[in-house]
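What follows is start28.txt (compact mmCIF, C-alpha atoms).
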```txt
# COMPACT_ATOMS: atom_id res chain seq x y z
CA MET A 1 7.03 9.50 -4.84
CA SER A 2 9.01 7.30 -2.54
CA ALA A 3 7.49 4.36 -0.68
CA ASN A 4 10.09 4.73 2.07
CA PRO A 5 9.30 6.31 5.45
CA GLN A 6 9.01 10.07 5.21
CA PRO A 7 10.27 12.82 7.52
CA LEU A 8 7.89 14.00 10.21
CA MET A 9 7.40 17.39 8.54
CA PRO A 10 7.84 16.83 4.78
CA HIS A 11 7.29 20.40 3.55
CA ALA A 12 9.42 22.06 6.21
CA THR A 13 12.16 19.48 5.63
CA ALA A 14 12.02 20.00 1.86
CA SER A 15 12.28 23.75 2.36
CA TRP A 16 15.43 23.29 4.46
CA LEU A 17 17.01 20.89 1.94
CA VAL A 18 16.32 23.32 -0.91
CA ASP A 19 18.00 26.17 0.96
CA ASN A 20 20.91 24.28 2.50
CA THR A 21 21.98 21.48 0.15
CA GLY A 22 22.86 20.83 -3.46
CA LEU A 23 20.41 17.94 -3.79
CA SER A 24 18.26 17.81 -6.91
CA PHE A 25 14.56 18.64 -6.76
CA ASP A 26 13.80 15.04 -7.66
CA GLN A 27 15.91 13.72 -4.76
CA ILE A 28 14.27 16.09 -2.29
CA ALA A 29 10.78 15.27 -3.57
CA SER A 30 11.48 11.55 -3.32
CA PHE A 31 12.86 11.79 0.22
CA CYS A 32 10.01 13.98 1.49
CA GLY A 33 7.24 12.20 -0.38
CA LEU A 34 6.26 15.34 -2.29
CA HIS A 35 5.62 16.13 -5.93
CA ILE A 36 8.63 17.59 -7.71
CA LEU A 37 6.58 20.68 -8.62
CA GLU A 38 6.06 21.43 -4.92
CA VAL A 39 9.82 21.43 -4.44
CA GLN A 40 10.26 23.56 -7.56
CA ALA A 41 7.81 26.10 -6.11
CA MET A 42 9.83 26.27 -2.90
CA ALA A 43 13.01 26.88 -4.87
CA ASP A 44 11.27 29.61 -6.87
CA ASP A 45 10.21 31.21 -3.58
CA LEU A 46 6.55 30.65 -4.43
CA ALA A 47 5.80 28.47 -1.43
CA SER A 48 8.81 28.49 0.87
CA SER A 49 7.49 31.44 2.85
CA LYS A 50 4.71 29.18 4.11
CA TYR A 51 7.09 26.80 5.80
CA THR A 52 9.75 27.24 8.44
CA GLY A 53 12.70 25.08 7.41
CA ARG A 54 13.30 21.99 9.55
CA ASP A 55 16.82 20.56 9.72
CA PRO A 56 16.52 16.78 9.20
CA VAL A 57 20.09 16.29 10.43
CA ARG A 58 19.32 17.81 13.82
CA ALA A 59 16.05 15.89 13.85
CA GLY A 60 17.97 12.65 13.42
CA GLU A 61 16.30 11.82 10.12
CA LEU A 62 19.38 12.31 7.90
CA THR A 63 23.14 12.34 8.26
CA MET A 64 25.49 14.71 6.52
CA ALA A 65 27.17 11.66 4.98
CA GLU A 66 23.84 10.68 3.40
CA ILE A 67 23.32 14.20 2.07
CA GLU A 68 26.84 14.29 0.62
CA LYS A 69 26.27 10.93 -1.03
CA GLY A 70 23.15 12.32 -2.68
CA GLN A 71 24.91 15.49 -3.80
CA ALA A 72 27.61 13.38 -5.45
CA ASP A 73 25.12 11.22 -7.35
CA THR A 74 21.84 12.72 -8.57
CA GLU A 75 20.45 9.22 -9.15
CA TYR A 76 20.94 8.28 -5.50
CA ARG A 77 17.85 8.19 -3.30
CA LEU A 78 18.33 9.36 0.28
CA LYS A 79 17.49 6.92 3.06
CA ILE A 80 15.83 8.21 6.21
CA GLN A 81 17.39 7.31 9.54
CA VAL A 82 14.43 5.81 11.38
CA GLY A 83 15.00 5.71 15.11
CA PRO A 84 12.98 5.68 18.32
CA ALA A 85 12.11 9.34 17.84
CA GLN A 86 10.23 8.45 14.65
CA VAL A 87 7.84 6.05 16.38
CA ARG A 88 4.41 7.64 16.41
CA ARG A 89 1.64 7.09 18.93
CA THR A 90 -1.43 5.33 17.58
CA LYS A 91 -3.62 5.91 20.63
CA GLY A 92 -4.10 8.69 23.10
CA PRO A 93 -3.51 12.43 22.61
CA ARG A 94 -0.75 13.68 20.36
CA TYR A 95 2.52 14.34 22.13
CA THR A 96 3.78 17.87 21.65
CA PRO A 97 7.28 18.93 22.74
CA VAL A 98 7.32 21.40 25.62
CA SER A 99 8.84 24.05 23.36
CA LYS A 100 5.81 23.83 21.08
CA ARG A 101 3.04 23.66 23.67
CA GLN A 102 2.85 27.43 24.03
CA ASP A 103 2.03 27.61 20.30
CA LYS A 104 -1.06 25.41 20.58
CA PRO A 105 -3.55 28.23 21.29
CA ASP A 106 -2.34 30.09 18.19
CA GLY A 107 -2.81 26.96 16.06
CA ILE A 108 -6.26 26.32 17.53
CA ALA A 109 -7.33 29.92 16.87
CA TRP A 110 -6.18 29.61 13.25
CA ILE A 111 -8.26 26.48 12.68
CA LEU A 112 -11.33 27.99 14.36
CA ARG A 113 -11.06 31.06 12.15
CA ASN A 114 -10.24 29.38 8.84
CA HIS A 115 -11.97 26.02 9.15
CA PRO A 116 -15.05 26.28 11.39
CA GLU A 117 -16.34 23.04 9.86
CA ILE A 118 -13.69 21.05 11.76
CA SER A 119 -15.11 19.57 14.97
CA ASP A 120 -13.60 20.08 18.40
CA ALA A 121 -12.78 16.37 18.54
CA GLN A 122 -10.82 16.63 15.29
CA ILE A 123 -8.96 19.72 16.47
CA GLY A 124 -8.12 17.99 19.72
CA LYS A 125 -6.72 14.98 17.89
CA LEU A 126 -4.78 17.07 15.38
CA ILE A 127 -3.24 19.55 17.81
CA GLY A 128 -3.22 17.41 20.96
CA THR A 129 -5.42 19.58 23.13
CA THR A 130 -8.65 19.45 25.15
CA ARG A 131 -12.22 20.46 24.37
CA ASN A 132 -12.15 22.93 27.26
CA THR A 133 -9.16 24.75 25.78
CA ILE A 134 -10.82 24.89 22.35
CA ALA A 135 -14.06 26.20 23.84
CA ALA A 136 -12.21 28.85 25.86
CA ILE A 137 -10.45 30.13 22.74
CA ARG A 138 -13.67 30.06 20.73
CA ASP A 139 -15.64 32.14 23.26
CA ARG A 140 -12.56 34.24 24.10
CA SER A 141 -12.58 33.28 27.78
CA HIS A 142 -9.07 31.80 27.61
CA TRP A 143 -6.79 33.26 30.30
CA ASN A 144 -4.25 34.39 27.68
CA ILE A 145 -6.68 35.39 24.92
CA SER A 146 -5.17 38.87 24.49
CA ASN A 147 -1.87 37.31 23.38
CA ILE A 148 -3.27 34.58 21.12
CA GLN A 149 -2.57 35.21 17.44
CA PRO A 150 -4.02 32.78 14.83
CA LYS A 151 -1.13 30.98 13.13
CA ASP A 152 -1.00 28.04 10.74
CA PRO A 153 -0.44 24.91 12.88
CA VAL A 154 1.71 23.42 10.10
CA THR A 155 4.08 26.38 10.22
CA LEU A 156 4.16 26.08 14.01
CA GLY A 157 5.15 22.43 13.70
CA LEU A 158 2.05 21.18 15.51
CA CYS A 159 0.96 18.92 12.65
CA SER A 160 1.88 18.08 9.07
CA GLN A 161 0.27 19.57 5.99
CA ARG A 162 -1.03 16.15 5.03
CA GLU A 163 -2.72 15.66 8.39
CA LEU A 164 -4.34 19.08 8.22
CA ASP A 165 -5.49 18.60 4.61
CA ALA A 166 -6.96 15.19 5.46
CA ILE A 167 -9.00 16.55 8.37
CA VAL A 168 -10.17 19.59 6.39
CA ALA A 169 -11.34 17.32 3.55
CA LYS A 170 -13.08 14.93 5.95
CA ALA A 171 -14.83 17.76 7.81
CA ALA A 172 -15.90 19.46 4.59
CA LYS A 173 -17.38 16.23 3.26
CA LYS A 174 -19.28 15.60 6.48
CA ALA A 175 -20.59 19.17 6.51
CA GLY A 176 -21.67 18.86 2.89
CA ILE A 177 -19.47 21.73 1.80
CA VAL A 178 -19.08 21.54 -1.99
CA GLU A 179 -18.42 24.07 -4.66
CA GLU A 180 -21.78 25.35 -5.82
CA VAL A 181 -22.26 25.58 -9.55
CA VAL A 182 -24.50 28.53 -10.25
CA ALA A 183 -26.71 27.87 -13.26
CA ASP A 184 -26.67 30.62 -15.83
CA THR A 185 -30.40 31.07 -16.44
CA ARG A 186 -29.71 33.82 -18.94
CA LEU A 187 -28.58 31.28 -21.50
CA GLY A 188 -31.84 29.37 -21.11
CA GLY A 189 -33.82 32.60 -21.38
CA ASP A 190 -31.96 33.66 -24.51
CA ARG A 191 -32.54 30.24 -26.02
CA GLU A 192 -36.27 30.41 -25.36
CA ALA A 193 -36.43 33.92 -26.78
CA LEU A 194 -34.60 32.79 -29.91
CA ILE A 195 -36.97 29.87 -30.38
CA GLU A 196 -39.98 32.18 -30.03
CA GLU A 197 -38.49 34.61 -32.51
CA LEU A 198 -37.83 31.86 -35.05
CA ARG A 199 -41.34 30.48 -34.56
CA ALA A 200 -42.81 33.95 -35.11
CA GLU A 201 -40.73 34.42 -38.26
CA ARG A 202 -41.83 31.03 -39.55
CA ASP A 203 -45.51 31.77 -38.88
CA ALA A 204 -45.15 35.17 -40.54
CA ALA A 205 -43.53 33.56 -43.58
CA HIS A 206 -46.32 30.97 -43.83
CA LYS A 207 -48.95 33.71 -43.49
CA ALA A 208 -47.25 35.82 -46.14
CA ALA A 209 -47.04 32.82 -48.49
CA ASP A 210 -50.73 31.99 -47.98
CA GLU A 211 -51.71 35.60 -48.58
CA ALA A 212 -49.58 35.76 -51.71
CA LEU A 213 -51.20 32.55 -52.96
CA ARG A 214 -54.71 33.91 -52.37
CA ASN A 215 -53.85 37.16 -54.11
CA ALA A 216 -52.48 35.21 -57.06
CA GLU A 217 -55.66 33.12 -57.26
CA ILE A 218 -57.86 36.22 -57.07
CA GLU A 219 -55.77 37.96 -59.74
CA ALA A 220 -55.97 34.90 -61.97
CA ALA A 221 -59.73 34.70 -61.51
CA LEU A 222 -60.19 38.36 -62.36
CA LEU A 223 -57.95 37.97 -65.42
CA GLY A 224 -60.04 35.02 -66.55
CA GLU A 225 -63.26 36.99 -66.22
CA ASP A 226 -61.81 39.88 -68.21
CA GLU A 227 -60.75 37.52 -71.02
CA ALA A 228 -64.18 35.88 -71.11
CA GLU A 229 -65.92 39.20 -71.24
CA ALA A 230 -63.67 40.39 -74.04
CA THR A 231 -64.36 37.20 -76.05
CA GLY A 232 -68.13 37.61 -75.59
CA ASN A 233 -68.09 41.17 -76.80
CA ALA A 234 -66.17 40.14 -79.87
```

What do you get writing this file as structure tokens?
Amino acid sequence: MSANPQPLMPHATASWLVDNTGLSFDQIASFCGLHILEVQAMADDLASSKYTGRDPVRAGELTMAEIEKGQADTEYRLKIQVGPAQVRRTKGPRYTPVSKRQDKPDGIAWILRNHPEISDAQIGKLIGTTRNTIAAIRDRSHWNISNIQPKDPVTLGLCSQRELDAIVAKAAKKAGIVEEVVADTRLGGDREALIEELRAERDAAHKAADEALRNAEIEAALLGEDEAEATGNA
């Protein structure tokens, strides 16, 4: 993966580059900071349906000249055009373009439905919204609730996949959500039963051997008495 600055929406950008350029998967993965297998999946139409392509040229992150340079040389690594638009806020609520603000309720509803472990504070920071709005959507008192449809906030362009994954992981860890490993007690039961069976067979074998030994001793004693009696009579 590249250590250079990455586009604002790596997956959506990669999807657009796969569909609209002749760049290699390796070049696209390097530019977007993704694994090459993720890009391969997009090209194979295994994952591209999850992302709406984002034109990095229109976003001011790439130039056509840079893309053409990469298409001419597969070893070339694309350089992002970092400008004022790429500066991200480190404090305060997330800025969302006006064109995207109407999508916020849909993104919030999706998170509430699919990741209830995420706190309202985390949702607010991720989407750039208020606790009141989140609460209104949760209890269905929002003024436009009839038109709200849960949609992936990444697809809507409200956050990046990395940001969402990071918050989901953090919330899951805090909530103690882990994959439960169910112990198969049947194996233990079968093992105990087998041990008991072997012990019973061993005890039975010992008992049979002791009984056979006693019978042999009795038979030998009787044989000895018969021989003595026969000798005396002679």

*Quick one: of A:Ile108, A:Leu78, A:Ile118, A:Ala72, who's nearest to A:Cys32, counting all atoms listed in the file?*
A:Leu78

*Please provide the set of residues having any atom within 9 Å of A:Lys174, restricted to only C-alpha atoms, with same-chain residues fewer than 4 positions apart removed, written as an MDAnalysis selection string.*
chainID A and resid 117 169:170

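Going from atom CA of A:Gly107 to atom CA of A:Ser15 covers 20.6 Å.
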
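Put simply, atom CA of A:Asn132 is 24.9 Å away from atom CA of A:Gln161.
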
_Nearest candidate to A:Tyr51 (options A:Ser119, A:Thr13, A:Thr21, A:Gln81; using all atoms listed in the file)_ =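 Counting all atoms listed in the file, the residue closest to A:Tyr51 is A:Thr13.
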
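One finds atom CA of A:Ile167 at 25.5 Å from atom CA of A:Pro56.
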
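Nearest to A:Asp139 of all the residues A:Ile123, A:Ala29, A:Leu112, A:Ala65 is A:Leu112, counting all atoms listed in the file.
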
*Within 8 Å of (-3.0, 21.1, 20.5) (coordinates as in the file), grab all the protein and nucleic acid residues, counting all atoms listed in the file, and write them out as a VMD selection string.*
chain A and resid 94 96 101 104 to 105 107 to 108 123 to 130 158

*Using only C-alpha atoms, pick whichever of A:Gln102, A:Glu66, A:Thr74, A:Gly157 has the shortest atom-to-atom distance to A:Gly53.*
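Under the stated criterion, the closest residue is A:Gly157.
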
*For A:Gln122, which residue out of A:Glu217, A:Glu163, A:Asp26, A:Glu38 is the nearest one, using only C-alpha atoms?*
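Of A:Glu217, A:Glu163, A:Asp26, A:Glu38, the one nearest A:Gln122 is A:Glu163, counting only C-alpha atoms.
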